$ cat model_34.cif   # mmCIF, C-alpha atoms and all ligand atoms
data_run
loop_
_atom_site.label_atom_id
_atom_site.label_comp_id
_atom_site.auth_asym_id
_atom_site.auth_seq_id
_atom_site.Cartn_x
_atom_site.Cartn_y
_atom_site.Cartn_z
CA MET D 219 -55.46 264.51 116.61
CA ALA D 220 -56.11 262.56 113.38
CA THR D 221 -59.50 262.86 111.79
CA VAL D 222 -61.55 260.51 109.65
CA PRO D 223 -64.26 261.75 107.25
CA ARG D 224 -67.88 260.81 107.96
CA VAL D 225 -71.10 261.86 106.24
CA ASP D 226 -73.55 263.51 108.62
CA SER D 227 -77.03 262.20 107.67
CA GLU D 228 -78.84 265.30 108.98
CA VAL D 229 -77.07 267.83 106.81
CA ASN D 230 -75.54 265.41 104.36
CA VAL D 231 -72.07 266.99 104.29
CA PRO D 232 -68.78 265.39 105.22
CA VAL D 233 -67.70 266.31 108.75
CA GLU D 234 -64.49 265.35 110.53
CA VAL D 235 -64.64 263.17 113.64
CA PRO D 236 -61.52 262.42 115.69
CA SER D 237 -60.08 258.89 115.35
CA SER D 238 -58.84 257.26 118.54
CA LYS D 239 -55.14 257.62 117.64
CA GLN D 240 -53.18 259.58 115.13
CA ALA D 241 -51.64 257.42 112.38
CA VAL D 242 -47.84 257.47 112.48
CA ARG D 243 -46.49 258.94 109.23
CA VAL D 244 -43.35 257.13 108.12
CA GLY D 245 -40.57 258.17 105.75
CA VAL D 246 -38.36 255.37 104.42
CA ILE D 247 -34.76 255.98 103.32
CA GLY D 248 -33.37 253.15 101.15
CA TYR D 249 -35.46 251.24 98.64
CA GLY D 250 -32.99 248.53 97.60
CA TYR D 251 -33.50 244.88 98.56
CA TRP D 252 -35.01 245.26 102.06
CA GLY D 253 -36.64 248.69 101.79
CA PRO D 254 -39.70 247.52 99.79
CA ASN D 255 -40.59 245.12 102.66
CA ILE D 256 -40.43 247.98 105.14
CA VAL D 257 -42.63 250.21 102.96
CA ARG D 258 -45.18 247.45 102.34
CA ASN D 259 -45.49 246.61 106.04
CA PHE D 260 -45.75 250.14 107.43
CA ASN D 261 -48.20 250.93 104.68
CA GLY D 262 -50.31 247.86 105.41
CA LEU D 263 -50.98 248.82 109.02
CA GLU D 264 -54.04 250.69 110.13
CA GLN D 265 -52.06 252.90 112.49
CA SER D 266 -49.30 253.97 110.11
CA ARG D 267 -48.76 255.01 106.54
CA VAL D 268 -45.70 255.71 104.44
CA VAL D 269 -45.72 259.28 103.17
CA SER D 270 -42.28 259.51 101.59
CA VAL D 271 -39.58 257.22 100.16
CA CYS D 272 -36.03 258.35 99.50
CA ASP D 273 -33.30 256.62 97.53
CA LYS D 274 -30.21 257.93 95.77
CA SER D 275 -30.91 255.65 92.84
CA THR D 276 -33.45 256.80 90.27
CA LYS D 277 -34.07 253.15 89.34
CA ALA D 278 -35.07 252.43 92.93
CA LEU D 279 -37.36 255.46 92.99
CA ARG D 280 -39.01 254.30 89.79
CA ARG D 281 -39.71 250.92 91.39
CA ALA D 282 -41.12 252.64 94.48
CA ASN D 283 -43.34 254.85 92.35
CA GLN D 284 -44.66 251.91 90.36
CA ALA D 285 -45.49 249.90 93.49
CA HIS D 286 -46.89 252.87 95.47
CA PRO D 287 -47.96 255.71 93.14
CA HIS D 288 -49.51 257.71 96.00
CA ILE D 289 -46.25 257.89 98.01
CA ARG D 290 -43.96 260.87 97.45
CA VAL D 291 -40.45 259.96 96.28
CA THR D 292 -37.22 261.91 96.51
CA SER D 293 -33.51 261.39 95.97
CA ASP D 294 -32.68 263.97 98.65
CA ALA D 295 -32.53 262.50 102.16
CA GLN D 296 -32.55 265.99 103.71
CA GLU D 297 -35.93 266.69 102.12
CA LEU D 298 -37.43 263.61 103.78
CA LEU D 299 -35.65 264.21 107.08
CA ARG D 300 -36.97 267.78 107.31
CA ALA D 301 -40.51 267.07 106.10
CA THR D 302 -43.07 268.27 108.65
CA ASP D 303 -45.49 265.47 107.74
CA VAL D 304 -43.01 262.71 108.72
CA ASP D 305 -43.19 261.43 112.33
CA ALA D 306 -40.78 258.50 112.04
CA VAL D 307 -37.93 257.61 109.70
CA ALA D 308 -36.94 254.07 108.70
CA VAL D 309 -33.26 253.83 107.77
CA VAL D 310 -32.88 250.93 105.33
CA THR D 311 -29.54 251.82 103.74
CA PRO D 312 -26.11 250.13 103.96
CA VAL D 313 -24.63 249.87 107.45
CA TRP D 314 -22.02 252.62 107.07
CA SER D 315 -24.78 255.20 106.53
CA HIS D 316 -27.06 254.23 109.48
CA TYR D 317 -25.43 256.55 112.01
CA GLU D 318 -25.51 259.75 109.91
CA LEU D 319 -29.09 259.24 108.74
CA ALA D 320 -30.42 258.14 112.13
CA LYS D 321 -28.70 261.08 113.82
CA ALA D 322 -30.16 263.56 111.32
CA ALA D 323 -33.62 262.01 111.80
CA LEU D 324 -33.41 262.35 115.60
CA GLU D 325 -32.10 265.91 115.32
CA ASN D 326 -35.16 266.70 113.19
CA GLY D 327 -37.44 265.31 115.90
CA LYS D 328 -38.30 262.00 114.18
CA HIS D 329 -38.54 258.56 115.81
CA VAL D 330 -36.15 256.11 114.18
CA PHE D 331 -36.53 252.55 112.92
CA VAL D 332 -33.04 251.50 111.87
CA GLU D 333 -31.82 248.36 110.18
CA LYS D 334 -29.51 245.85 111.76
CA PRO D 335 -26.69 246.19 112.60
CA PHE D 336 -27.53 249.44 114.37
CA THR D 337 -24.23 251.25 113.67
CA CYS D 338 -20.62 250.52 112.63
CA LYS D 339 -19.20 251.57 115.99
CA ARG D 340 -20.21 251.33 119.60
CA GLU D 341 -19.61 255.07 120.18
CA GLN D 342 -22.06 255.91 117.40
CA ALA D 343 -24.73 253.70 118.96
CA GLU D 344 -24.16 255.30 122.37
CA GLU D 345 -24.45 258.77 120.89
CA LEU D 346 -27.73 257.96 119.13
CA ILE D 347 -29.19 256.44 122.31
CA GLU D 348 -28.27 259.54 124.29
CA LEU D 349 -29.68 261.84 121.60
CA ALA D 350 -32.98 259.93 121.44
CA GLU D 351 -33.32 260.03 125.22
CA ARG D 352 -32.65 263.74 125.33
CA LYS D 353 -35.24 264.40 122.63
CA HIS D 354 -37.71 261.88 124.04
CA LEU D 355 -37.79 259.90 120.79
CA LYS D 356 -37.88 256.15 120.13
CA ILE D 357 -35.20 254.06 118.48
CA MET D 358 -36.07 250.57 117.27
CA VAL D 359 -33.42 248.37 115.69
CA ASP D 360 -34.79 245.96 113.12
CA HIS D 361 -33.92 242.64 114.74
CA THR D 362 -36.58 240.97 112.60
CA PHE D 363 -36.05 237.42 113.85
CA LEU D 364 -37.32 238.35 117.32
CA PHE D 365 -40.77 238.70 115.79
CA THR D 366 -40.85 235.33 114.02
CA GLY D 367 -43.16 232.64 115.32
CA ALA D 368 -40.16 230.33 115.80
CA VAL D 369 -38.12 232.65 118.02
CA ARG D 370 -41.17 233.70 120.04
CA ARG D 371 -42.00 230.00 120.63
CA ILE D 372 -38.40 229.20 121.62
CA ARG D 373 -38.46 232.10 124.06
CA GLN D 374 -41.58 230.59 125.66
CA LEU D 375 -39.85 227.21 125.97
CA VAL D 376 -36.86 228.88 127.64
CA ASP D 377 -38.96 231.07 129.92
CA ASP D 378 -41.35 228.33 131.09
CA GLY D 379 -38.40 226.10 131.99
CA THR D 380 -39.11 223.38 129.39
CA LEU D 381 -35.46 223.30 128.27
CA GLY D 382 -34.07 223.78 131.79
CA ASP D 383 -30.84 225.70 132.34
CA LEU D 384 -29.22 226.36 128.96
CA TYR D 385 -25.94 224.64 128.10
CA TYR D 386 -25.35 225.94 124.58
CA TYR D 387 -26.68 227.79 121.50
CA ASP D 388 -25.08 226.59 118.27
CA SER D 389 -26.10 228.14 114.97
CA MET D 390 -25.16 227.56 111.34
CA ARG D 391 -26.17 230.40 109.01
CA VAL D 392 -24.49 229.76 105.67
CA ASN D 393 -25.27 230.22 101.96
CA LEU D 394 -23.65 231.30 98.70
CA GLY D 395 -23.48 235.15 98.75
CA LEU D 396 -24.91 237.75 98.91
CA PHE D 397 -21.48 239.37 99.12
CA GLN D 398 -21.59 242.78 100.80
CA HIS D 399 -18.98 245.42 100.06
CA ASP D 400 -19.18 247.57 103.16
CA VAL D 401 -19.26 244.82 105.83
CA ASN D 402 -17.82 241.35 106.35
CA VAL D 403 -19.88 238.19 106.79
CA ILE D 404 -20.03 238.69 110.58
CA TRP D 405 -21.66 242.10 110.33
CA ASP D 406 -24.01 240.83 107.63
CA LEU D 407 -25.27 237.54 109.09
CA ALA D 408 -24.29 237.29 112.77
CA PRO D 409 -26.55 240.17 113.98
CA HIS D 410 -29.46 237.75 113.52
CA ASP D 411 -28.05 235.18 115.96
CA LEU D 412 -26.60 237.78 118.31
CA SER D 413 -29.97 239.49 118.64
CA ILE D 414 -31.73 236.14 119.11
CA MET D 415 -29.24 235.11 121.80
CA ASP D 416 -29.63 238.49 123.47
CA TYR D 417 -33.39 237.89 123.54
CA LEU D 418 -33.35 234.24 124.66
CA ILE D 419 -30.49 234.09 127.13
CA LYS D 420 -30.88 236.06 130.33
CA GLU D 421 -27.15 236.28 131.08
CA LYS D 422 -24.94 238.45 128.89
CA PRO D 423 -21.74 237.07 127.29
CA GLN D 424 -18.43 237.80 129.00
CA ALA D 425 -15.91 237.06 126.26
CA VAL D 426 -15.70 236.46 122.51
CA VAL D 427 -13.34 234.37 120.41
CA ALA D 428 -13.63 234.55 116.64
CA THR D 429 -11.73 233.19 113.70
CA GLY D 430 -12.37 233.87 110.05
CA GLU D 431 -10.80 234.32 106.66
CA ARG D 432 -11.16 236.44 103.52
CA HIS D 433 -10.90 234.93 100.06
CA LEU D 434 -12.42 237.23 97.48
CA ASN D 435 -13.19 240.89 98.12
CA GLY D 436 -10.97 241.78 101.06
CA VAL D 437 -13.49 241.18 103.86
CA ALA D 438 -14.00 237.99 105.87
CA ASP D 439 -16.42 235.72 104.02
CA ILE D 440 -16.38 232.86 106.54
CA ALA D 441 -16.23 233.12 110.33
CA PHE D 442 -16.72 231.13 113.51
CA ILE D 443 -17.68 233.05 116.64
CA THR D 444 -17.69 231.63 120.15
CA LEU D 445 -19.34 233.45 123.04
CA TYR D 446 -18.58 232.63 126.66
CA TYR D 447 -21.37 233.19 129.18
CA PRO D 448 -21.50 232.84 132.96
CA ASN D 449 -22.37 229.37 134.33
CA ASN D 450 -20.64 227.46 131.49
CA MET D 451 -23.24 228.46 128.92
CA ILE D 452 -21.54 228.68 125.53
CA GLY D 453 -22.67 230.10 122.19
CA HIS D 454 -21.32 229.39 118.74
CA ILE D 455 -22.18 230.96 115.39
CA ASN D 456 -20.93 229.77 112.00
CA VAL D 457 -21.48 232.33 109.23
CA ASN D 458 -20.35 231.79 105.65
CA TRP D 459 -20.99 233.36 102.23
CA LEU D 460 -19.11 230.56 100.44
CA SER D 461 -21.34 227.62 101.24
CA PRO D 462 -22.71 225.55 98.33
CA VAL D 463 -25.98 225.08 100.20
CA LYS D 464 -28.15 227.31 102.35
CA VAL D 465 -28.37 226.15 105.97
CA ARG D 466 -30.27 227.86 108.78
CA THR D 467 -30.04 225.41 111.63
CA THR D 468 -29.74 226.11 115.34
CA LEU D 469 -29.31 223.64 118.18
CA ILE D 470 -30.15 224.77 121.69
CA GLY D 471 -29.17 222.37 124.44
CA GLY D 472 -30.64 222.56 127.89
CA GLU D 473 -30.35 220.58 131.08
CA LYS D 474 -33.85 219.09 130.57
CA LYS D 475 -34.49 219.11 126.81
CA MET D 476 -32.72 219.84 123.54
CA LEU D 477 -34.12 221.77 120.65
CA LEU D 478 -33.49 221.80 116.90
CA TRP D 479 -34.67 224.83 114.91
CA ASN D 480 -34.49 224.51 111.14
CA ASP D 481 -35.74 227.78 109.74
CA LEU D 482 -35.87 226.39 106.20
CA GLU D 483 -38.54 223.84 107.17
CA ALA D 484 -42.00 224.97 106.11
CA ASP D 485 -43.73 223.05 108.92
CA GLU D 486 -42.23 221.72 112.10
CA LYS D 487 -39.54 224.39 112.21
CA ILE D 488 -38.84 223.52 115.83
CA LYS D 489 -38.35 220.04 117.27
CA VAL D 490 -37.94 219.50 120.98
CA TYR D 491 -36.13 216.33 122.00
CA ASP D 492 -36.50 214.80 125.41
CA LYS D 493 -32.88 213.74 125.32
CA GLY D 494 -30.14 214.35 127.80
CA VAL D 495 -27.23 213.06 129.75
CA GLU D 496 -27.06 212.47 133.47
CA ILE D 497 -23.89 211.96 135.42
CA SER D 498 -24.01 210.23 138.76
CA GLY D 499 -21.67 208.36 141.04
CA GLY D 500 -18.71 209.14 143.22
CA GLN D 501 -16.09 211.83 143.11
CA ALA D 502 -13.42 209.76 141.37
CA VAL D 503 -13.53 209.44 137.59
CA TYR D 504 -13.90 205.63 137.71
CA ASP D 505 -16.97 205.97 139.97
CA THR D 506 -18.82 208.18 137.47
CA LEU D 507 -21.92 206.77 135.78
CA VAL D 508 -23.15 208.36 132.60
CA SER D 509 -26.72 207.65 131.63
CA TYR D 510 -28.39 208.81 128.43
CA ARG D 511 -32.05 209.72 128.35
CA THR D 512 -33.85 209.30 125.03
CA GLY D 513 -37.52 210.14 125.18
CA ASP D 514 -40.06 211.59 122.80
CA MET D 515 -39.66 214.28 120.21
CA TRP D 516 -42.40 216.85 119.62
CA ALA D 517 -42.83 219.72 117.23
CA PRO D 518 -44.55 222.66 118.95
CA LYS D 519 -46.91 224.75 116.87
CA VAL D 520 -45.25 227.85 115.47
CA GLU D 521 -47.37 230.85 114.58
CA GLN D 522 -47.15 231.76 110.87
CA VAL D 523 -47.15 235.54 110.69
CA GLU D 524 -44.96 237.96 108.80
CA ALA D 525 -42.39 239.01 111.38
CA LEU D 526 -41.90 242.45 109.87
CA ARG D 527 -45.63 243.15 110.04
CA LEU D 528 -45.64 242.41 113.77
CA GLU D 529 -42.50 244.44 114.30
CA ALA D 530 -43.79 247.45 112.37
CA GLY D 531 -47.00 247.32 114.41
CA TYR D 532 -45.00 247.12 117.63
CA PHE D 533 -42.92 250.18 116.63
CA VAL D 534 -46.05 252.20 115.95
CA ASP D 535 -47.56 250.98 119.23
CA CYS D 536 -44.45 252.00 121.19
CA ILE D 537 -44.65 255.51 119.69
CA GLN D 538 -48.38 255.86 120.35
CA LYS D 539 -48.21 254.48 123.91
CA ASP D 540 -44.85 256.12 124.68
CA GLU D 541 -43.25 252.78 125.58
CA THR D 542 -39.66 251.63 125.15
CA PRO D 543 -39.32 248.73 122.71
CA PHE D 544 -37.33 245.70 123.86
CA ASN D 545 -35.35 245.89 120.59
CA ASP D 546 -34.31 249.46 121.33
CA GLY D 547 -31.01 251.24 120.82
CA LEU D 548 -29.49 249.46 123.82
CA ALA D 549 -30.32 246.07 122.28
CA GLY D 550 -28.70 247.30 119.05
CA LEU D 551 -25.65 248.50 120.99
CA ARG D 552 -25.18 245.10 122.70
CA VAL D 553 -25.04 243.46 119.26
CA VAL D 554 -22.61 246.07 117.88
CA GLN D 555 -20.28 245.56 120.90
CA ILE D 556 -20.05 241.83 120.16
CA LEU D 557 -19.52 242.44 116.43
CA GLU D 558 -16.63 244.78 117.23
CA ALA D 559 -15.16 242.28 119.67
CA ALA D 560 -15.44 239.52 117.04
CA ASP D 561 -13.58 241.67 114.48
CA GLN D 562 -10.86 242.35 117.06
CA SER D 563 -10.56 238.66 117.87
CA ILE D 564 -10.27 237.74 114.16
CA ARG D 565 -7.45 240.25 113.76
CA GLY D 566 -5.68 238.48 116.64
CA LYS D 567 -6.32 235.05 115.03
CA GLY D 568 -8.75 233.98 117.70
CA ALA D 569 -7.57 236.16 120.59
CA VAL D 570 -9.89 236.20 123.61
CA VAL D 571 -11.67 239.57 123.79
CA GLN D 572 -13.37 240.39 127.09
CA LEU D 573 -16.67 242.21 126.85
N1 LIG D 601 -33.67 242.74 108.97
C1 LIG D 601 -33.31 241.94 107.98
O1 LIG D 601 -33.60 240.74 107.97
C2 LIG D 601 -32.53 242.52 106.84
C3 LIG D 601 -32.49 241.87 105.61
C4 LIG D 601 -31.76 242.47 104.58
C5 LIG D 601 -31.08 243.66 104.78
N2 LIG D 601 -31.15 244.25 106.00
C6 LIG D 601 -30.45 245.52 106.26
O2 LIG D 601 -31.06 246.53 105.48
C7 LIG D 601 -30.08 247.50 105.09
C8 LIG D 601 -30.14 247.66 103.58
O3 LIG D 601 -29.81 246.41 102.99
P1 LIG D 601 -30.23 246.08 101.47
O4 LIG D 601 -29.86 244.65 101.29
O5 LIG D 601 -31.60 246.52 101.21
O6 LIG D 601 -29.19 247.01 100.68
P2 LIG D 601 -29.31 247.53 99.18
O7 LIG D 601 -27.93 247.94 98.79
O8 LIG D 601 -30.05 246.54 98.34
O9 LIG D 601 -30.24 248.82 99.30
C9 LIG D 601 -29.83 250.00 99.93
C10 LIG D 601 -30.46 251.19 99.19
O10 LIG D 601 -30.15 252.37 99.92
C11 LIG D 601 -29.88 253.41 98.97
N3 LIG D 601 -29.06 254.41 99.67
C12 LIG D 601 -27.81 254.26 100.19
N4 LIG D 601 -27.41 255.38 100.82
C13 LIG D 601 -28.43 256.26 100.70
C14 LIG D 601 -28.62 257.61 101.14
N5 LIG D 601 -27.69 258.25 101.85
N6 LIG D 601 -29.77 258.22 100.82
C15 LIG D 601 -30.72 257.58 100.10
N7 LIG D 601 -30.60 256.31 99.65
C16 LIG D 601 -29.47 255.66 99.95
C17 LIG D 601 -29.18 252.71 97.81
O11 LIG D 601 -29.30 253.44 96.62
C18 LIG D 601 -29.95 251.38 97.77
O12 LIG D 601 -31.02 251.42 96.87
C19 LIG D 601 -28.75 246.99 105.62
O13 LIG D 601 -28.47 247.61 106.85
C20 LIG D 601 -28.99 245.51 105.87
O14 LIG D 601 -28.18 244.99 106.91
C21 LIG D 601 -31.87 243.72 107.02
#
$ encode --input "model_34.cif" --output "structure tokens" --more "lines below"
Ligand SMILES: NC(=O)c1ccc[n+]([C@@H]2O[C@H](COP(=O)([O-])OP(=O)(O)OC[C@H]3O[C@@H](n4cnc5c(N)ncnc54)[C@H](O)[C@@H]3O)[C@@H](O)[C@H]2O)c1
Amino acid sequence: MATVPRVDSEVNVPVEVPSSKQAVRVGVIGYGYWGPNIVRNFNGLEQSRVVSVCDKSTKALRRANQAHPHIRVTSDAQELLRATDVDAVAVVTPVWSHYELAKAALENGKHVFVEKPFTCKREQAEELIELAERKHLKIMVDHTFLFTGAVRRIRQLVDDGTLGDLYYYDSMRVNLGLFQHDVNVIWDLAPHDLSIMDYLIKEKPQAVVATGERHLNGVADIAFITLYYPNNMIGHINVNWLSPVKVRTTLIGGEKKMLLWNDLEADEKIKVYDKGVEISGGQAVYDTLVSYRTGDMWAPKVEQVEALRLEAGYFVDCIQKDETPFNDGLAGLRVVQILEAADQSIRGKGAVVQL
């Protein structure tokens, strides 16, 4: 049990009293672009602290040391993975290395917080899930968007029936760069939408069709993914590293209302439109009456919190309460399965791949 120092007034010496819960001690592997955010957030929580940071690059370690002089740094992942004062490991390295590092962490008895996408292959994800179960350890996949105020608000609007039955989810996630070398644009950007869709839409997709093309460094830099769901629900994701402008816009159409989410808007990220189409009339085409409903638009309040802070807190909570996170290894696996299917479909120039 963790202890906190207190001064006993009677004898005037520091004595140790037990705190309610032991702080989770985190080791972070990878201090490139995203790693510093992970370190800052786990370090900023009351119930966790970062005790060690590992990166192969000495430049990265220097940056870590400057920002957090009290945190131990190492270039040897094994040292961090074997450290007895590390309870959980955050894997914030390129995708190809997630499996090896996460596996080693689990084998050393550490809980794992791993970046999206979970692994490069479905079999790797399955193996990690099985290993974590066997060792009674947690896996959380960093599907950061699920912790944003916008996505949590949209989930409420879906769950409380405001939008009605969903017709479609259509997302545009494009910008210039950042070109990745180990993954194509689908594996880089689509995990965001795939995890959001997994969270918002109760049904799971049945088939994937994807097209895409490579222009510069041998991996697809633009892609269009279509997901077929039961009950005519359809999903579409447009990802592109070659766009002159940054766009983060999602349309979600429902039977009752339609929603526009522009993540680049500072305020009013979400707009709900009371618009729709109703079809009535007889069976024959010429009997059909189409009526359009155009009502009010409203912008629901969206909570402004740092998503990663909430997510880090949730990970720590799941460890301390021994609960399974909703963004667990299985959620990561569902995303990886669709990414693999999309790659397969692209190779077949838009072939239908059943899930
Ligand atoms: N959740 C999000 O919104 C989000 C955002 C950005 C990146 N990411 C994910 O974070 C991961 C890292 O992305 P990034 O943009 O920070 O990459 P990056 O290349 O900027 O940083 C990766 C760092 O890992 C280090 N590294 C690589 N292999 C290592 C090893 N075996 N041992 C120790 N250090 C090692 C590298 O030296 C580098 O400093 C990726 O999986 C990416 O998909 C997630």
$ closest_atom_pairs --input "model_34.cif" --of "chain D" --to "ligand LIG 601 (chain D)" --cutoff "10 Å" --atoms "all atoms listed in the file" --output "tab-separated table"
residue	atom	partner	partner_atom	distance
D:Val246	CA	D:LIG601	C15	9.1
D:Ile247	CA	D:LIG601	C15	5.4
D:Gly248	CA	D:LIG601	O10	3.5
D:Tyr249	CA	D:LIG601	O12	4.8
D:Gly250	CA	D:LIG601	O9	3.2
D:Tyr251	CA	D:LIG601	O5	3.6
D:Trp252	CA	D:LIG601	O5	3.7
D:Gly253	CA	D:LIG601	O5	5.5
D:Pro254	CA	D:LIG601	O5	8.3
D:Asn255	CA	D:LIG601	C3	9.2
D:Ile256	CA	D:LIG601	N1	9.4
D:Val271	CA	D:LIG601	C15	8.9
D:Cys272	CA	D:LIG601	C15	5.4
D:Asp273	CA	D:LIG601	N7	3.4
D:Lys274	CA	D:LIG601	N7	4.2
D:Ser275	CA	D:LIG601	O11	4.7
D:Thr276	CA	D:LIG601	O11	8.3
D:Lys277	CA	D:LIG601	O12	8.3
D:Ala278	CA	D:LIG601	O12	5.7
D:Leu279	CA	D:LIG601	O12	8.5
D:Thr292	CA	D:LIG601	C15	8.6
D:Ser293	CA	D:LIG601	C15	6.3
D:Asp294	CA	D:LIG601	N6	6.8
D:Ala295	CA	D:LIG601	N6	5.3
D:Gln296	CA	D:LIG601	N6	8.7
D:Leu298	CA	D:LIG601	C15	9.7
D:Val309	CA	D:LIG601	C7	7.6
D:Val310	CA	D:LIG601	C7	4.4
D:Thr311	CA	D:LIG601	O10	3.9
D:Pro312	CA	D:LIG601	C19	4.4
D:Val313	CA	D:LIG601	O13	4.5
D:Trp314	CA	D:LIG601	O13	8.2
D:Ser315	CA	D:LIG601	N4	6.3
D:His316	CA	D:LIG601	O13	7.3
D:Glu318	CA	D:LIG601	N5	8.5
D:Leu319	CA	D:LIG601	N5	7.1
D:Val332	CA	D:LIG601	O13	7.8
D:Glu333	CA	D:LIG601	O13	4.8
D:Lys334	CA	D:LIG601	O14	5.1
D:Pro335	CA	D:LIG601	O14	6.0
D:Phe336	CA	D:LIG601	O13	7.8
D:Thr337	CA	D:LIG601	O13	8.8
D:Val359	CA	D:LIG601	N1	8.8
D:Asp360	CA	D:LIG601	N1	5.4
D:His361	CA	D:LIG601	N1	5.8
D:Thr362	CA	D:LIG601	N1	5.0
D:Phe363	CA	D:LIG601	O1	7.2
D:Leu396	CA	D:LIG601	O4	8.8
D:Gln398	CA	D:LIG601	O7	8.4
D:His399	CA	D:LIG601	O7	9.4
D:Asp400	CA	D:LIG601	O7	9.8
D:Val401	CA	D:LIG601	O14	9.0
D:Trp405	CA	D:LIG601	O14	7.9
D:Asp406	CA	D:LIG601	O14	5.9
D:Leu407	CA	D:LIG601	O14	8.3
D:Pro409	CA	D:LIG601	O14	8.7
D:His410	CA	D:LIG601	O1	7.5
D:Ala525	CA	D:LIG601	O1	9.6
D:Leu526	CA	D:LIG601	N1	8.3
$ closest_residue --input "model_34.cif" --among "D:Phe331, D:Tyr504, D:Phe442, D:Tyr385" --to "Asn458 in chain D" --atoms "all atoms listed in the file"
D:Phe442
$ closest_residue --input "model_34.cif" --among "D:Leu573, D:Val495, D:Ile470, D:Ala308" --to "Leu507 in chain D" --atoms "only C-alpha atoms"
D:Val495
$ atom_distance --input "model_34.cif" --atom1 "CA of Glu351 in chain D" --atom2 "CA of Gln555 in chain D"
20.0 Å
$ closest_residue --input "model_34.cif" --among "D:Asp377, D:Asp388, D:Asp383, D:Glu529" --to "Ile455 in chain D" --atoms "all atoms listed in the file"
D:Asp388
$ atom_distance --input "model_34.cif" --atom1 "CA of Gly382 in chain D" --atom2 "CA of Gly513 in chain D"
15.5 Å
$ residues_around --input "model_34.cif" --residues "Asn456 in chain D" --least-positions-apart "3" --cutoff "7 Å" --atoms "all atoms listed in the file" --output "PyMOL selection string"
chain D and resi 389-391+441-443
$ atom_distance --input "model_34.cif" --atom1 "CA of Glu348 in chain D" --atom2 "CA of Pro543 in chain D"
15.5 Å
$ closest_residue --input "model_34.cif" --among "D:Glu541, D:Glu421, D:Glu297, D:Asp561" --to "Lys339 in chain D" --atoms "all atoms listed in the file"
D:Asp561
$ closest_residue --input "model_34.cif" --among "D:Val465, D:Leu381, D:Met515, D:Val553" --to "Asn393 in chain D" --atoms "all atoms listed in the file"
D:Val465
$ axis_aligned_box --input "model_34.cif" --around "range 542-549 of chain D" --padding-each-side "6 Å" --output "AutoDock Vina command-line options"
--center_x -34.6 --center_y 248.7 --center_z 122.9 --size_x 22.2 --size_y 17.9 --size_z 16.6
$ closest_residue --input "model_34.cif" --among "D:Ile440, D:Val427, D:Val457, D:Ala517" --to "Asn480 in chain D" --atoms "all atoms listed in the file"
D:Ala517
$ residues_around --input "model_34.cif" --residues "Met451 in chain D" --least-positions-apart "3" --cutoff "7 Å" --atoms "all atoms listed in the file" --output "list in words"
Leu384, Tyr385, Tyr386, Tyr446, Tyr447 and Pro448 of chain D
